[in-house]
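Peer 1: Here it is, the structure, as structure tokens.
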Amino acid sequence: MELEQQKQDLDAYSLFVFNIRSASTRDYYLRRLKGFFNYIDLLPNESIIKRCDYFAKRGEEDSDWAFNNIIRFLQFQRERVDKEEIAASTLKNFLKAIKLLCEVADITINWKKITRGLPKVRRYAEDRAPTIEEIQKLCEYLDRRIKSIIYIMASSGIRLGAWDYLRWGHIIAVEKADKTFGKVTVYAGDEEEYFTFITPEAYDEVKKWMDYRKTSGEQINEKSWVMRHLWNAKKGRKFGLVTAPKELKSSGVKRLVEDALWTQDIRNKSQINGKRYEFQSNHGFRKWFKTRCEMSGMRSINIEILMGHSIGISDSYYRITESELLDDYLKAIDFLSIDIEHHLQTQLSILGEKNNQNSNLINRKLQVKDEQIEELKARDSLKEDVIANISDQLLTLTTRLKDLEQKVT
């Protein structure tokens with residue numbers, strides 16, 4: 001009886017939220033549901049909780065009512081796709097939110113009848129990865145957290161939702177080739193948990209951020225959130241909130257990056273292409289990571305592993321060690337590094353190496369030239385000896401001829 005009462009107390013909204021792990025995905029789905037409810041004029045003045053509960057109860061009693069409203073709404077969105085006001089993928093995302101609500105509310109819908117009429121979704125987006133210059137400019141934003149956020153995302157390829165899990169204990173220093181990398185456990189404790197790496201400059205930057213918080217008065221340990229809300233530093237440690245850290249969730253990270261994009265004039269209205277900007281504010285760094293790793297010559301299968309992707313049947317058979325993955329990741333350091341000084345040092349190193357190669361080439365050519373001169377000198381000396389020998393022989397012959405002439409006379 002008690003169990004039955006608990007089931008009755010669970011409203012559709014609670015079940016809906018329970019089935020979404022990521023906070024950013026939850027907010028996204030709720031916005032889609034609001035758009036759906038607004039279109040069908042469902043309790044416009046009520047909260048999202050009451051609207052979900054009403055739709056669930058009425059839909060369970062009358063599935064045809066729910067089906068017809070879904071079709072009506074999707075038909076409207078399909079017309080928007082035809083007018084190129086929204087992408088086909090946006091329509092699919094509306095459907096995902098509605099479908100999840102129907103599933104948790106036990107509303108019986110024939111989804112095949114719905115999905116057959118939807119436009120096909122392009123399997124890839126037209127947006128690009130950001131350039132190194134755009135990322136460098138983004139990191140100049142006046143918020144000390146931005147560099148750690150961008151460096152970690154760009155050098156590891158983690159998704160935005162990973163910030164909801166990431167604590168300081170999930171980033172471990174790893175020594176390799178006289179450099180200190182960071183090994184990052186992503187989605188720790190979740191069934192989708194995996195690990196990836198961050199570059200030495202990224203590890204150094206996030207460590208400086210954590211050290212700053214420690215010296216400011218925060219108790220840092222392995223359970224400390226890597227990203228937190230800022231505190232009022234002007235009032236000093238005693239009156240600030242540095243000792244009461246509040247996690248900066250993925251939604252906060254997203255807002256911070258978007259604020260930086262607009263403030264740094266990397267994003268403006270003139271750059272919008274249709275309904276998209278040239279690159280996505282957070283997923284763009286994931287594209288950057290994959291592109292740069294490919295450019296470095298890393299094995300594609302290893303890149304997919306570090307991005308947390310399934311590698312198909314190879315999941316069961318491909319077994320690469322952590323050390324071997326890091327060895328392959330070493331190839332990508334220069335390609336994933338963002339700091340201008342690092343790139344200048346790399347360029348100087350390349351120029352120095354080229355200068356050494358040019359010096360060696362010049363020295364080699366000079367050596368060959370010296371050898372050729374010595375050879376010519378040796379040949380000249382030989383010629384002189386030959387000429388002297390011939391001259392001696394001619395002199396001898398001349399003397400003999402004179403002797404013969406005297407005898408004849």
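Residues in the structure tokens are named by chain (A, B, ... in the order shown) and by number from 1 within that chain; ligands are numbered from 1 in the order shown.
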Give me, as a tab-separated table (two decimals) with N, CA and C atoms, in the first residue's frame, all polymer residues having an atom no more than 12 Å from Asn68 in chain A, counting only C-alpha atoms and skipping those fewer than 6 positions away in the same chain.
Peer 2:
chain	number	residue	atom	x	y	z
A	40	ILE	N	0.16	24.48	-28.08
A	40	ILE	CA	-1.17	23.85	-27.95
A	40	ILE	C	-2.02	24.56	-26.90
A	59	GLY	N	-3.39	12.82	-21.31
A	59	GLY	CA	-2.87	11.96	-22.38
A	59	GLY	C	-3.05	10.49	-22.07
A	62	ASP	N	-6.72	9.89	-22.69
A	62	ASP	CA	-7.12	10.07	-24.08
A	62	ASP	C	-5.86	10.20	-24.94
A	74	LEU	N	4.16	19.29	-34.52
A	74	LEU	CA	5.26	18.90	-35.40
A	74	LEU	C	5.02	19.35	-36.84
A	75	GLN	N	3.76	19.39	-37.25
A	75	GLN	CA	3.45	19.89	-38.59
A	75	GLN	C	3.83	21.37	-38.70
A	109	ILE	N	1.63	6.04	-27.66
A	109	ILE	CA	1.68	6.77	-28.92
A	109	ILE	C	2.33	5.88	-29.97
A	110	ASN	N	1.78	5.85	-31.16
A	110	ASN	CA	2.40	5.12	-32.27
A	110	ASN	C	3.46	6.04	-32.90
A	113	LYS	N	4.18	6.28	-36.82
A	113	LYS	CA	3.32	7.15	-37.63
A	113	LYS	C	3.83	8.60	-37.63
A	114	ILE	N	4.51	8.95	-36.57
A	114	ILE	CA	5.02	10.32	-36.44
A	114	ILE	C	6.37	10.47	-37.14
Peer 1: Check the DSSP output for the backbone and give back, as a list in words, the residues of range 161-398 of chain A in strand (DSSP E or B).
Peer 2: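 Across range 161-398 of chain A, those assigned strand (DSSP E or B) are Arg167, Ile171, Ile172, Ala173, Val174, Glu175, Lys176, Lys179, Thr180, Phe181, Gly182, Lys183, Val184, Thr185, Val186, Tyr194, Phe195, Thr196, Phe197, Ile198, Trp225, Arg228, Glu247, Asn273 and Arg276 of chain A.
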Peer 1: Looking at only C-alpha atoms, which of A:Ile107, A:Ala12, A:Ile172, A:Leu160 is the one that sits closest to Lys50 in chain A?
Peer 2: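 Looking only at the distances to Lys50 in chain A, the closest residue turns out to be A:Ala12.
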Peer 1: If you run DSSP on this backbone, which residues of range 130-202 of chain A come out as helix (DSSP H, G or I), and could you give them as a PyMOL selection string?
Peer 2: chain A and resi 132-138+146-156+160-164+168-170+200-202
Peer 1: Choose the residue, out of A:Arg145, A:Lys57, A:Arg255, A:Arg167, that has the smallest atom-to-atom separation from Ile220 in chain A; count only C-alpha atoms.
Peer 2: A:Arg167
Peer 1: So that I can check the surroundings of Gln77 in chain A, please list as a ChimeraX atom specification every protein, DNA and RNA residue that reaches within 9 Å of it, counting only C-alpha atoms and ignoring chain neighbours fewer than 2 positions away.
Peer 2: /A:72-75,79-82,86,88,90-91,94
Peer 1: If we count only C-alpha atoms, what is near range 179-195 of chain A at a cut-off of 8 Å, once residues fewer than 3 positions away on the same chain are taken out, given as a PDB file with C-alpha atoms, in the first residue's frame?
Peer 2:
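Listing of out.pdb after writing:
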ATOM      1  CA  ILE A 158      35.266  16.728 -23.018  1.00  0.00           C
ATOM      2  CA  ALA A 162      31.326  16.787 -17.919  1.00  0.00           C
ATOM      3  CA  TYR A 165      31.007  15.794 -12.429  1.00  0.00           C
ATOM      4  CA  LEU A 166      34.533  17.207 -12.488  1.00  0.00           C
ATOM      5  CA  HIS A 170      39.546  13.544 -11.012  1.00  0.00           C
ATOM      6  CA  ILE A 171      42.616  15.319 -12.457  1.00  0.00           C
ATOM      7  CA  ILE A 172      45.864  13.472 -11.741  1.00  0.00           C
ATOM      8  CA  ALA A 173      49.365  14.601 -12.701  1.00  0.00           C
ATOM      9  CA  VAL A 174      51.145  12.226 -15.101  1.00  0.00           C
ATOM     10  CA  GLU A 175      54.863  12.536 -15.958  1.00  0.00           C
ATOM     11  CA  LYS A 176      55.963  11.720 -19.495  1.00  0.00           C
ATOM     12  CA  ILE A 198      45.044  17.447 -20.921  1.00  0.00           C
ATOM     13  CA  THR A 199      48.205  19.155 -22.154  1.00  0.00           C
ATOM     14  CA  PRO A 200      50.978  20.338 -19.790  1.00  0.00           C
ATOM     15  CA  ALA A 202      46.285  23.041 -19.400  1.00  0.00           C
ATOM     16  CA  TYR A 203      47.331  21.148 -16.267  1.00  0.00           C
ATOM     17  CA  LEU A 306      39.868   9.922 -25.660  1.00  0.00           C
ATOM     18  CA  GLY A 308      34.529   8.937 -25.002  1.00  0.00           C
TER      19      GLY A 308
END
Peer 1: To one decimal place, how far is CA of Met227 in chain A from CA of Lys249 in chain A in Å?
Peer 2: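 These two atoms are separated by 7.7 Å.
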Peer 1: Might you pull out every residue within 8 Å of range 99-101 of chain A, with only C-alpha atoms counted and same-chain residues fewer than 5 positions away left off, and present them as a list of chain:residue names?
Peer 2: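 Everything that qualifies: A:Ala12, A:Tyr13, A:Phe16, A:Cys52, A:Ala56.
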Peer 1: Near range 23-25 of chain A, counting only C-alpha atoms, which residues have an atom at most 7 Å away, once you skip same-chain residues fewer than 3 positions from it, shown as a list in words?
Peer 2: Ile20, Tyr28, Tyr29, Gly161, Ser250 and Ser251 of chain A
Peer 1: Just want the 12 Å neighbourhood of Ser314 in chain A, counted on only C-alpha atoms, with same-chain residues fewer than 3 positions away dropped. Output as JSON, numbers by chain.
Peer 2: {"A": [301, 302, 304, 305, 309, 310, 311, 317, 318, 319, 320]}
